Amino acid sequence: MKKANPGITYADLYTLAGVVAIEEMGGPKVSWRPGRIDVPDGKTATPNGRLPDAAQGEQHIRDIFYRMGFDDREIVALLGAHSVGRCHTDRSGYDGPWTKAPTMFSNEYYRELIENTWTVRKWKGPEQYTDPSGELMMLPADLALLKDPKFRPYVEMYAKDEQVFFKDFSKAFSKLLELGCKNLESKGWFSWLWGK
């Protein structure tokens with residue numbers, strides 16, 4: 001893609017790939033605009049300790065996301081990205097998928113949180129939780145969404161209504177992708193990329 005479109009920055013390409021992947025996995029359309037710049041020396045990279053720590057609870061989650069301008073509803077919507085993928089011990093130290101369909105973007109993450117019984121996994125890795133089958137996992141930060149009386153109603157709402165989750169996730173993820181970007185263009189990605 002980069003070779004075919006040398007004018008696209010890697011920052012735009014990576015964020016565009018995320019938006020397309022979400023839609024291709026059955027998720028919502030996410031508004032995306034080009035204009036991010038690349039900084040090859042990494043001087044503007046987020047320093048350690050400023051991204052969410054999966055081992056932390058609700059106050060840490062709020063501290064991280066409030067600093068970026070997100071409210072509780074947006075925080076819970078963004079964590080719905082855990083509907084896809086899995087943890088790998090060689091990357092994060094954690095192990096396993098959050099859902100039984102880790103290649104589909106859906107509200108399954110919230111349903112699993114609400115409908116399943118989560119117990120501490122007995123293993124040599126960091127604290128994480130497992131379902132009765134031993135196939136699924138949740139992180140301490142995931143379970144914080146259930147414990148917190150302000151987060152939990154959004155978990156319950158998204159578990160019941162996938163379309164509300166999709167709408168809220170789309171807006172919150174677009175906002176996340178635009179944080180710190182000062183020169184974004186107003187036209188959408190399709191018209192920008194193909195000049196239409």
# chains A, B, ... in the order shown; residues from 1 in each chain; ligands from 1
$ residues_around --residues "A:Asp161" --least-positions-apart "5" --cutoff "9 Å" --atoms "only C-alpha atoms" --output "CSV table (one decimal) with C-alpha atoms, in the first residue's frame"
chain,number,residue,atom,x,y,z
A,107,ASN,CA,-20.3,-6.7,21.5
A,156,GLU,CA,-24.6,-3.7,30.5
A,166,PHE,CA,-20.9,0.4,17.4
$ residues_around --residues "A:Met137" --least-positions-apart "5" --cutoff "7 Å" --atoms "only C-alpha atoms" --output "MDAnalysis selection string"
chainID A and resid 96:98 128:131
$ residues_around --residues "A:Ile37" --least-positions-apart "6" --cutoff "9 Å" --atoms "only C-alpha atoms" --output "list in words"
Thr9, Tyr10, Ala11, Asp12, Cys181 and Asn183 of chain A
$ closest_residue --among "A:Asp53, A:Asp95, A:Asp142, A:Glu24" --to "A:Trp118" --atoms "only C-alpha atoms"
A:Asp142
$ select_by_dssp --residues "stretch 21-121 of chain A" --states "strand (DSSP E)" --output "PyMOL selection string"
chain A and resi 86-87+96-97+119-120
$ atom_distance --atom1 "atom CA of A:Glu135" --atom2 "atom CA of A:Ser92"
17.7 Å
$ closest_residue --among "A:Arg73, A:His82, A:His60, A:Arg111" --to "A:Lys167" --atoms "only C-alpha atoms"
A:Arg73
$ atom_distance --atom1 "atom CA of A:Phe65" --atom2 "atom CA of A:Asn116"
26.4 Å
$ atom_distance --atom1 "atom CA of A:Tyr94" --atom2 "atom CA of A:Pro140"
10.9 Å
$ select_by_dssp --residues "stretch 6-141 of chain A" --states "alpha helix (DSSP H)" --output "PyMOL selection string"
chain A and resi 10-24+58-67+72-79+108-115+140-141
$ residues_around --residues "stretch 174-180 of chain A" --least-positions-apart "5" --cutoff "7 Å" --atoms "only C-alpha atoms" --output "list in words"
Thr15, Val30, Ser31 and Trp32 of chain A
$ residues_around --residues "A:Asp71" --least-positions-apart "2" --cutoff "12 Å" --atoms "only C-alpha atoms" --output "number ranges by chain"
A: 61-69, 73-78, 150-151, 154, 168, 172, 175
